[in-house]
$ cat final-v9.txt   # compact mmCIF, C-alpha atoms
# COMPACT_ATOMS: atom_id res chain seq x y z
CA MET A 1 64.16 73.78 34.40
CA ILE A 2 60.74 72.52 35.54
CA ALA A 3 59.27 70.07 33.05
CA SER A 4 55.77 69.63 34.53
CA ILE A 5 53.62 70.48 37.55
CA ALA A 6 50.65 68.29 38.52
CA LYS A 7 47.55 69.87 40.05
CA GLY A 8 46.26 69.19 43.57
CA SER A 9 47.58 69.23 47.10
CA MET A 10 50.46 66.95 46.04
CA ALA A 11 52.53 68.17 43.13
CA LEU A 12 55.45 66.34 41.52
CA LEU A 13 58.24 68.54 40.27
CA THR A 14 60.46 66.82 37.68
CA LEU A 15 63.78 68.46 36.95
CA SER A 16 65.91 67.96 33.87
CA SER A 17 68.51 66.26 36.05
CA GLY A 18 66.04 63.48 36.82
CA ALA A 19 65.55 64.36 40.50
CA THR A 20 61.95 64.36 41.66
CA PHE A 21 60.62 66.53 44.49
CA ALA A 22 57.37 65.87 46.38
CA GLN A 23 55.65 69.13 47.26
CA THR A 24 52.93 69.14 49.92
CA THR A 25 50.87 71.80 51.62
CA THR A 26 49.21 71.54 54.99
CA SER A 27 45.88 73.06 56.02
CA GLU A 28 45.35 73.63 59.71
CA PRO A 29 42.04 74.46 61.40
CA PRO A 30 41.54 77.88 62.96
CA GLU A 31 41.93 78.63 66.63
CA VAL A 32 39.00 79.95 68.69
CA GLU A 33 39.50 83.27 70.45
CA VAL A 34 36.73 83.80 73.01
CA ILE A 35 35.52 87.40 73.37
CA THR A 36 34.98 88.42 77.00
CA SER A 37 34.23 92.10 76.41
CA ILE A 38 30.57 91.55 75.43
CA GLU A 39 27.73 91.44 77.97
CA SER A 40 26.54 88.01 79.03
CA GLN A 41 23.26 86.87 77.51
CA GLN A 42 22.28 84.54 74.70
CA TRP A 43 23.56 85.82 71.35
CA ILE A 44 22.23 84.20 68.17
CA GLY A 45 22.30 86.40 65.07
CA ILE A 46 25.68 87.32 63.59
CA SER A 47 26.55 89.65 60.72
CA PRO A 48 30.22 90.51 60.14
CA VAL A 49 30.68 93.16 57.46
CA SER A 50 34.46 93.51 57.71
CA ARG A 51 37.31 92.30 59.85
CA ASN A 52 36.57 95.07 62.35
CA THR A 53 32.81 95.54 62.20
CA ILE A 54 30.50 92.86 63.60
CA TRP A 55 26.81 92.99 64.56
CA VAL A 56 25.20 90.40 66.85
CA SER A 57 21.63 90.01 68.10
CA GLY A 58 19.84 87.85 70.61
CA VAL A 59 17.29 87.52 73.38
CA ASP A 60 15.94 90.30 75.60
CA GLY A 61 15.42 92.42 72.48
CA ARG A 62 19.07 93.37 72.23
CA VAL A 63 21.59 94.10 69.50
CA ALA A 64 25.32 94.75 69.89
CA ARG A 65 27.79 96.27 67.46
CA SER A 66 31.58 96.45 67.49
CA THR A 67 33.72 98.44 65.09
CA ASP A 68 37.06 97.43 66.60
CA ALA A 69 36.96 93.64 66.15
CA GLY A 70 35.27 92.98 69.50
CA VAL A 71 37.38 95.14 71.78
CA SER A 72 34.39 97.31 72.70
CA TRP A 73 30.63 97.16 72.07
CA GLN A 74 27.70 99.51 71.61
CA TYR A 75 24.29 98.14 72.66
CA SER A 76 20.81 98.99 71.45
CA GLN A 77 17.24 97.74 71.78
CA PRO A 78 15.22 98.05 68.57
CA GLY A 79 11.88 97.14 70.21
CA PRO A 80 10.35 95.64 73.36
CA SER A 81 12.62 93.62 75.65
CA ASP A 82 10.61 90.41 75.16
CA LEU A 83 11.62 90.11 71.48
CA GLN A 84 14.13 87.50 70.33
CA PHE A 85 16.31 88.77 67.51
CA ARG A 86 17.41 85.49 65.93
CA ASP A 87 18.72 87.12 62.75
CA ILE A 88 20.58 90.31 61.93
CA GLU A 89 21.68 91.39 58.47
CA ALA A 90 24.09 94.32 58.35
CA ILE A 91 25.03 96.32 55.28
CA ASP A 92 27.90 98.28 56.83
CA ASP A 93 28.91 99.81 60.15
CA ARG A 94 25.86 102.11 60.12
CA ARG A 95 23.00 100.16 58.51
CA ALA A 96 21.46 96.88 59.63
CA TYR A 97 18.18 94.96 59.70
CA ALA A 98 17.16 92.95 62.76
CA LEU A 99 14.53 90.19 62.64
CA SER A 100 12.64 89.10 65.75
CA ILE A 101 10.79 85.78 65.63
CA GLY A 102 7.56 84.37 67.02
CA ASP A 103 3.83 84.52 66.46
CA ASN A 104 1.20 86.86 67.97
CA GLY A 105 2.90 89.85 66.40
CA GLN A 106 6.40 88.99 67.65
CA SER A 107 7.82 88.61 64.14
CA ARG A 108 9.12 92.04 63.20
CA ILE A 109 11.82 93.69 61.10
CA TYR A 110 13.64 96.78 62.37
CA PHE A 111 16.16 98.97 60.57
CA THR A 112 18.88 101.37 61.70
CA GLU A 113 20.96 103.71 59.59
CA ASN A 114 22.98 105.30 62.39
CA GLY A 115 24.76 102.38 64.00
CA GLY A 116 21.88 101.42 66.29
CA ALA A 117 21.32 104.84 67.87
CA ASP A 118 17.79 104.71 66.46
CA TRP A 119 15.73 101.84 65.06
CA ARG A 120 12.58 101.99 62.96
CA LEU A 121 9.99 99.26 62.53
CA ARG A 122 9.92 98.34 58.86
CA TYR A 123 7.57 95.34 58.98
CA GLY A 124 5.26 93.78 61.54
CA ALA A 125 3.80 90.35 60.73
CA SER A 126 0.21 89.34 61.47
CA ASN A 127 -0.54 87.36 64.62
CA ASP A 128 -0.68 84.02 62.77
CA THR A 129 2.70 84.50 61.04
CA PHE A 130 5.97 83.14 62.45
CA LEU A 131 9.00 84.43 60.57
CA ASN A 132 12.25 82.45 60.87
CA CYS A 133 15.13 83.83 58.83
CA MET A 134 16.03 86.60 56.43
CA ALA A 135 18.75 87.51 53.95
CA VAL A 136 19.65 90.76 52.24
CA SER A 137 21.55 91.02 48.95
CA PRO A 138 24.25 93.65 48.28
CA GLN A 139 21.70 95.28 45.94
CA GLY A 140 19.32 95.81 48.87
CA GLU A 141 16.74 93.15 48.01
CA ALA A 142 15.55 91.08 50.98
CA TRP A 143 13.63 87.84 51.48
CA VAL A 144 12.18 86.58 54.76
CA ALA A 145 10.86 83.03 55.22
CA GLY A 146 8.21 81.97 57.70
CA ASP A 147 6.18 78.90 58.61
CA SER A 148 3.39 78.10 56.18
CA VAL A 149 -0.23 78.49 57.23
CA GLY A 150 -2.63 76.01 55.66
CA ASP A 151 -1.75 75.74 51.98
CA GLU A 152 -0.17 79.20 51.96
CA TRP A 153 3.50 80.17 52.14
CA ARG A 154 4.27 83.03 54.48
CA MET A 155 7.12 85.07 53.04
CA VAL A 156 8.07 88.72 53.01
CA ARG A 157 10.04 90.47 50.26
CA SER A 158 11.54 93.89 49.92
CA PRO A 159 12.94 94.98 46.54
CA SER A 160 15.07 97.73 48.08
CA GLY A 161 14.82 97.57 51.87
CA ARG A 162 12.19 100.30 52.02
CA ASN A 163 8.87 98.65 51.20
CA TRP A 164 8.22 95.20 52.68
CA ILE A 165 5.49 93.12 51.06
CA LYS A 166 3.87 89.88 52.19
CA THR A 167 3.98 87.34 49.38
CA ASN A 168 2.25 83.97 49.24
CA SER A 169 2.90 82.96 45.62
CA ALA A 170 6.68 83.12 45.30
CA VAL A 171 7.17 79.33 45.22
CA SER A 172 6.42 77.05 42.28
CA GLN A 173 4.66 74.48 44.51
CA LYS A 174 2.28 74.64 47.45
CA PRO A 175 3.68 73.98 50.93
CA GLN A 176 3.29 70.63 52.59
CA SER A 177 1.26 70.38 55.75
CA ASN A 178 3.08 72.28 58.56
CA GLU A 179 6.07 73.04 56.32
CA GLY A 180 8.20 75.81 57.72
CA GLY A 181 11.69 76.65 58.86
CA PHE A 182 13.95 76.75 61.90
CA ALA A 183 14.94 80.03 63.52
CA SER A 184 17.78 78.48 65.51
CA SER A 185 20.45 80.62 63.86
CA GLY A 186 18.76 82.72 61.20
CA SER A 187 20.52 80.52 58.62
CA CYS A 188 17.55 78.93 56.83
CA VAL A 189 17.61 81.73 54.20
CA ARG A 190 20.73 82.73 52.30
CA TYR A 191 21.77 84.92 49.39
CA HIS A 192 25.09 84.15 47.76
CA ASN A 193 26.52 84.38 44.25
CA ASP A 194 23.28 85.78 42.75
CA THR A 195 21.30 82.89 44.24
CA TRP A 196 18.47 82.92 46.80
CA MET A 197 18.01 79.76 48.85
CA MET A 198 15.72 78.60 51.65
CA GLY A 199 15.52 75.34 53.58
CA THR A 200 12.36 73.83 55.06
CA GLY A 201 11.42 71.30 57.72
CA ASN A 202 8.67 70.02 60.02
CA ALA A 203 6.93 68.33 57.07
CA ASP A 204 7.00 64.93 55.37
CA ILE A 205 9.91 65.95 53.13
CA ALA A 206 12.64 68.50 53.84
CA ARG A 207 12.90 70.70 50.76
CA VAL A 208 15.07 73.41 49.25
CA LEU A 209 13.54 76.50 47.68
CA ILE A 210 15.96 78.15 45.26
CA LYS A 211 16.01 80.77 42.54
CA ALA A 212 18.41 83.00 40.66
CA ARG A 213 18.54 86.70 41.50
CA PHE A 214 16.27 87.63 38.58
CA GLY A 215 14.11 84.50 38.78
CA ILE A 216 10.37 84.89 39.14
CA ARG A 217 9.64 81.99 41.49
CA PHE A 218 11.53 79.66 43.77
CA ASP A 219 11.97 76.16 42.39
CA VAL A 220 11.47 73.26 44.81
CA ILE A 221 13.98 70.44 45.31
CA GLU A 222 13.25 67.48 47.56
CA THR A 223 16.17 66.45 49.77
CA PRO A 224 17.21 63.31 51.69
CA MET A 225 17.56 65.29 54.94
CA GLN A 226 15.70 63.76 57.87
CA SER A 227 12.18 65.18 57.97
CA GLY A 228 9.02 65.25 60.05
CA PRO A 229 8.03 67.25 63.14
CA GLY A 230 11.12 68.86 64.65
CA ALA A 231 13.37 67.79 61.78
CA GLY A 232 14.58 69.20 58.50
CA ILE A 233 16.99 71.76 57.08
CA PHE A 234 18.30 74.32 59.57
CA ALA A 235 20.92 76.06 57.44
CA VAL A 236 21.73 76.47 53.75
CA TYR A 237 24.66 77.64 51.65
CA PRO A 238 24.36 78.06 47.84
CA ASP A 239 27.37 78.19 45.54
CA ASP A 240 24.83 78.70 42.74
CA GLU A 241 21.48 77.29 41.60
CA ASP A 242 22.92 73.86 40.82
CA ASN A 243 25.43 73.51 43.63
CA PHE A 244 24.71 73.96 47.33
CA TYR A 245 25.04 72.58 50.86
CA ILE A 246 22.38 71.91 53.50
CA ALA A 247 22.73 71.18 57.22
CA GLY A 248 20.13 70.06 59.73
CA GLY A 249 18.73 67.00 61.44
CA HIS A 250 16.32 66.49 64.34
CA LEU A 251 15.92 68.80 67.34
CA GLU A 252 15.86 65.76 69.63
CA THR A 253 19.46 64.56 69.65
CA GLU A 254 18.64 60.89 70.14
CA GLN A 255 16.28 60.91 67.14
CA ASN A 256 18.90 61.84 64.54
CA ASP A 257 19.15 58.81 62.28
CA THR A 258 20.47 60.02 58.91
CA SER A 259 23.25 62.23 57.58
CA ARG A 260 23.02 65.83 58.76
CA LEU A 261 25.20 67.49 56.12
CA TRP A 262 24.65 67.13 52.37
CA GLN A 263 26.13 68.52 49.18
CA TYR A 264 24.08 68.92 46.00
CA GLN A 265 25.83 68.81 42.63
CA SER A 266 24.55 68.11 39.12
CA GLY A 267 21.16 66.99 40.38
CA GLU A 268 22.48 64.56 43.00
CA PHE A 269 22.80 64.71 46.78
CA THR A 270 25.92 63.35 48.48
CA ALA A 271 26.17 62.83 52.22
CA LEU A 272 29.31 64.40 53.66
CA PRO A 273 31.20 62.83 56.58
CA GLU A 274 29.40 63.27 59.88
CA PRO A 275 30.74 66.09 62.07
CA PRO A 276 31.93 65.50 65.66
CA LEU A 277 28.79 67.15 67.05
CA SER A 278 25.64 65.56 68.46
CA GLY A 279 22.17 66.72 67.48
CA ALA A 280 20.82 68.83 64.64
CA LEU A 281 23.29 71.19 62.98
CA TYR A 282 22.07 74.76 63.53
CA SER A 283 24.39 76.78 61.29
CA LEU A 284 26.49 76.49 58.16
CA ASP A 285 29.05 78.63 56.40
CA LYS A 286 31.83 78.18 53.88
CA VAL A 287 35.21 79.91 53.69
CA GLU A 288 38.33 79.63 51.56
CA HIS A 289 41.64 79.46 53.42
CA GLN A 290 44.27 77.01 52.28
CA GLY A 291 41.45 75.07 50.72
CA THR A 292 37.72 75.00 51.30
CA TRP A 293 36.24 74.81 54.81
CA LEU A 294 32.68 74.16 55.91
CA LEU A 295 31.82 75.47 59.38
CA THR A 296 28.89 74.33 61.49
CA SER A 297 27.69 74.57 65.10
CA ASN A 298 24.97 73.56 67.55
CA PRO A 299 24.49 73.25 71.33
CA SER A 300 27.23 70.61 71.48
CA GLY A 301 29.90 72.84 69.96
CA ALA A 302 31.40 73.92 66.65
CA ALA A 303 33.45 72.12 64.02
CA ALA A 304 35.32 72.81 60.78
CA PHE A 305 35.44 70.44 57.79
CA HIS A 306 38.34 70.66 55.35
CA VAL A 307 36.83 69.60 52.05
CA GLN A 308 40.02 68.61 50.23
CA SER A 309 41.23 66.27 52.98
CA GLN A 310 37.69 65.25 54.03
CA THR A 311 38.71 65.89 57.64
CA TRP A 312 36.69 67.29 60.57
CA HIS A 313 38.22 69.36 63.36
CA LYS A 314 36.34 70.02 66.61
CA LEU A 315 36.70 73.71 67.46
CA SER A 316 34.74 74.07 70.70
CA ASP A 317 32.44 72.26 73.12
CA ALA A 318 30.49 75.41 74.02
CA ASN A 319 26.77 75.85 73.34
CA ILE A 320 27.12 77.62 69.98
CA TRP A 321 24.05 78.43 67.92
CA ASN A 322 25.62 80.25 65.02
CA VAL A 323 28.79 80.69 62.99
CA GLN A 324 29.02 83.27 60.22
CA CYS A 325 31.89 84.59 58.12
CA HIS A 326 32.74 87.68 56.16
CA GLY A 327 34.33 86.93 52.81
CA ASP A 328 37.88 87.50 54.00
CA ALA A 329 37.95 84.64 56.52
CA ALA A 330 36.56 86.81 59.34
CA CYS A 331 34.42 84.23 61.13
CA TRP A 332 32.46 84.62 64.38
CA LEU A 333 30.59 82.22 66.69
CA ALA A 334 27.74 83.05 69.08
CA GLY A 335 25.72 81.13 71.62
CA LYS A 336 24.34 80.83 75.12
CA GLU A 337 25.62 82.39 78.35
CA GLY A 338 27.14 85.32 76.50
CA TYR A 339 29.36 83.14 74.34
CA LEU A 340 31.02 85.03 71.51
CA ALA A 341 34.24 84.11 69.75
CA LYS A 342 36.13 84.68 66.54
CA LEU A 343 38.19 82.25 64.52
CA VAL A 344 41.86 83.00 64.06
CA TRP A 345 43.24 81.39 60.93
CA LYS A 346 46.89 80.45 60.83
CA PRO A 347 48.98 82.05 58.07
CA ALA A 348 49.45 80.04 54.93
CA GLN A 349 52.53 77.88 55.10
CA ALA A 350 55.00 77.54 52.28
CA PRO A 351 54.91 74.13 50.61
CA GLN A 352 57.36 71.62 52.03
CA THR A 353 59.72 70.20 49.45
CA ASN A 354 61.52 66.95 50.06
CA VAL A 355 63.93 65.12 47.83
CA VAL A 356 62.65 61.72 46.76
CA PRO A 357 65.52 59.36 45.93
$ encode --input "final-v9.txt" --output "structure tokens"
Amino acid sequence: MIASIAKGSMALLTLSSGATFAQTTTSEPPEVEVITSIESQQWIGISPVSRNTIWVSGVDGRVARSTDAGVSWQYSQPGPSDLQFRDIEAIDDRRAYALSIGDNGQSRIYFTENGGADWRLRYGASNDTFLNCMAVSPQGEAWVAGDSVGDEWRMVRSPSGRNWIKTNSAVSQKPQSNEGGFASSGSCVRYHNDTWMMGTGNADIARVLIKARFGIRFDVIETPMQSGPGAGIFAVYPDDEDNFYIAGGHLETEQNDTSRLWQYQSGEFTALPEPPLSGALYSLDKVEHQGTWLLTSNPSGAAAFHVQSQTWHKLSDANIWNVQCHGDAACWLAGKEGYLAKLVWKPAQAPQTNVVP
């Protein structure tokens, strides 16, 4: 008869006979399976909606969709070929929003409801607006963050995905001079667990903008992330309003001089161990599989951090701009020269039980 079980990765099982067993579990990083079936170009935006359906977007105005886990692909071009689709947000295998970035009218939002067979322009920004990232909630609400202009935020909101409205007063504080975002992976805006979150950079202080789903305005939180021109928060991940992660750094690799990955809990920032990647961290995601994993990537590769053991694992040395996961551990990586891969997680192992004399 078991008398007691302690919590954690190490559990002591005490039997009535007096024998004690040490029970341990191991957590292994995923393997990287490179996809060679997709056409070679730079892919940046990723949106997996199931284990089989994945949307990706990139340069040359192109979007690709697979409904068989990457075995085959259907390609489409929502707009002109000179657009860069840095972000794509899919709802299912038929519906998706694609965001192109840039100024002079290059920042646009397109929508398809037939798997990419046809795309419609839903929003075109003014010439002085540079949109960076977007997120769409399961309820259909969307937020898009852009670089500020003067003392004015440049954001776009849609309550349902149909009408898209420019909004300049959604944040509780004015922007700093030149405050904006980074479109490196479309990860500077995120919706998760009824929480909207944005990360900023290029200004004196890198800041987080955050609000609950039904909140009126975004609150502003100053962060210890490296800041200034070319530096700041590149990617965000909220657990909720009071708990979140940020990743970033400086675009110039040799100028990174502080921690690039931070966790915020109970009003305090904690620097997490530095990943085995050089330069600013472009992307960030979180997945549960035999513990909690943080995933990040940049031009020097991709890496996975096991939170419970505080251990980093280098996954690839490829030029990877983005890593995104569907809730059920379906994670994909995209980058330059047609790089696309998925993570293959090893099955959970039964705890090992050893007799302790």
$ atom_distance --input "final-v9.txt" --atom1 "CA of Ala302 (chain A)" --atom2 "CA of Arg95 (chain A)"
28.7 Å
$ residues_around --input "final-v9.txt" --residues "Tyr110 (chain A)" --least-positions-apart "5" --cutoff "9 Å" --atoms "all atoms listed in the file" --output "list in words"
Pro78, Gly79, Ala96, Tyr97, Ala98, Leu99, Ser100, Trp119, Arg120, Leu121, Arg122, Tyr123 and Gly124 of chain A
$ closest_atom_pairs --input "final-v9.txt" --of "region 177-213 of chain A" --to "region 44-68 of chain A" --cutoff "12 Å" --atoms "all atoms listed in the file" --output "JSON lines"
{"residue": "A:Ala183", "atom": "CA", "partner": "A:Ile44", "partner_atom": "CA", "distance": 9.6}
{"residue": "A:Ser184", "atom": "CA", "partner": "A:Ile44", "partner_atom": "CA", "distance": 7.7}
{"residue": "A:Ser185", "atom": "CA", "partner": "A:Ile44", "partner_atom": "CA", "distance": 5.9}
{"residue": "A:Gly186", "atom": "CA", "partner": "A:Gly45", "partner_atom": "CA", "distance": 6.4}
{"residue": "A:Ser187", "atom": "CA", "partner": "A:Gly45", "partner_atom": "CA", "distance": 8.9}
$ atom_distance --input "final-v9.txt" --atom1 "CA of Leu272 (chain A)" --atom2 "CA of Thr223 (chain A)"
13.9 Å
$ residues_around --input "final-v9.txt" --residues "Arg154 (chain A)" --least-positions-apart "4" --cutoff "8 Å" --atoms "all atoms listed in the file" --output "PyMOL selection string"
chain A and resi 129+131+145-149+166-168
$ write_last_selection --input "final-v9.txt" --atoms "C-alpha atoms" --output "short mmCIF file (atom, residue, chain, number, x, y, z; two decimals), in the frame of the given file"
data_model
loop_
_atom_site.label_atom_id
_atom_site.label_comp_id
_atom_site.auth_asym_id
_atom_site.auth_seq_id
_atom_site.Cartn_x
_atom_site.Cartn_y
_atom_site.Cartn_z
CA THR A 129 2.70 84.50 61.04
CA LEU A 131 9.00 84.43 60.57
CA ALA A 145 10.86 83.03 55.22
CA GLY A 146 8.21 81.97 57.70
CA ASP A 147 6.18 78.90 58.61
CA SER A 148 3.39 78.10 56.18
CA VAL A 149 -0.23 78.49 57.23
CA LYS A 166 3.87 89.88 52.19
CA THR A 167 3.98 87.34 49.38
CA ASN A 168 2.25 83.97 49.24
#
$ atom_distance --input "final-v9.txt" --atom1 "CA of Gly70 (chain A)" --atom2 "CA of Gly338 (chain A)"
13.2 Å
$ residues_around --input "final-v9.txt" --residues "region 238-243 of chain A" --least-positions-apart "3" --cutoff "12 Å" --atoms "all atoms listed in the file" --output "PyMOL selection string"
chain A and resi 187-199+208-215+218-221+235+246-247+262-270+284-287
$ residues_around --input "final-v9.txt" --residues "region 289-297 of chain A" --least-positions-apart "5" --cutoff "7 Å" --atoms "all atoms listed in the file" --output "number ranges by chain"
A: 27, 281-284, 302-308, 320-323, 348
$ closest_residue --input "final-v9.txt" --among "A:Asn104, A:Gln255, A:Gln84, A:Gln41" --to "Gly335 (chain A)" --atoms "only C-alpha atoms"
A:Gln41
$ residues_near_point --input "final-v9.txt" --point "(28.9, 87.1, 77.4)" --cutoff "7 Å" --atoms "all atoms listed in the file" --output "PyMOL selection string"
chain A and resi 36+38-41+337-340
$ residues_near_point --input "final-v9.txt" --point "(7.4, 74.3, 59.6)" --cutoff "8 Å" --atoms "all atoms listed in the file" --output "ChimeraX atom specification"
/A:146-148,178-182,200-203,229
$ closest_residue --input "final-v9.txt" --among "A:Gln42, A:Ser169, A:Ser316, A:Ser160" --to "Ser137 (chain A)" --atoms "all atoms listed in the file"
A:Ser160
$ closest_residue --input "final-v9.txt" --among "A:Ala334, A:Val32, A:Asn127, A:Ser309" --to "Arg86 (chain A)" --atoms "all atoms listed in the file"
A:Ala334
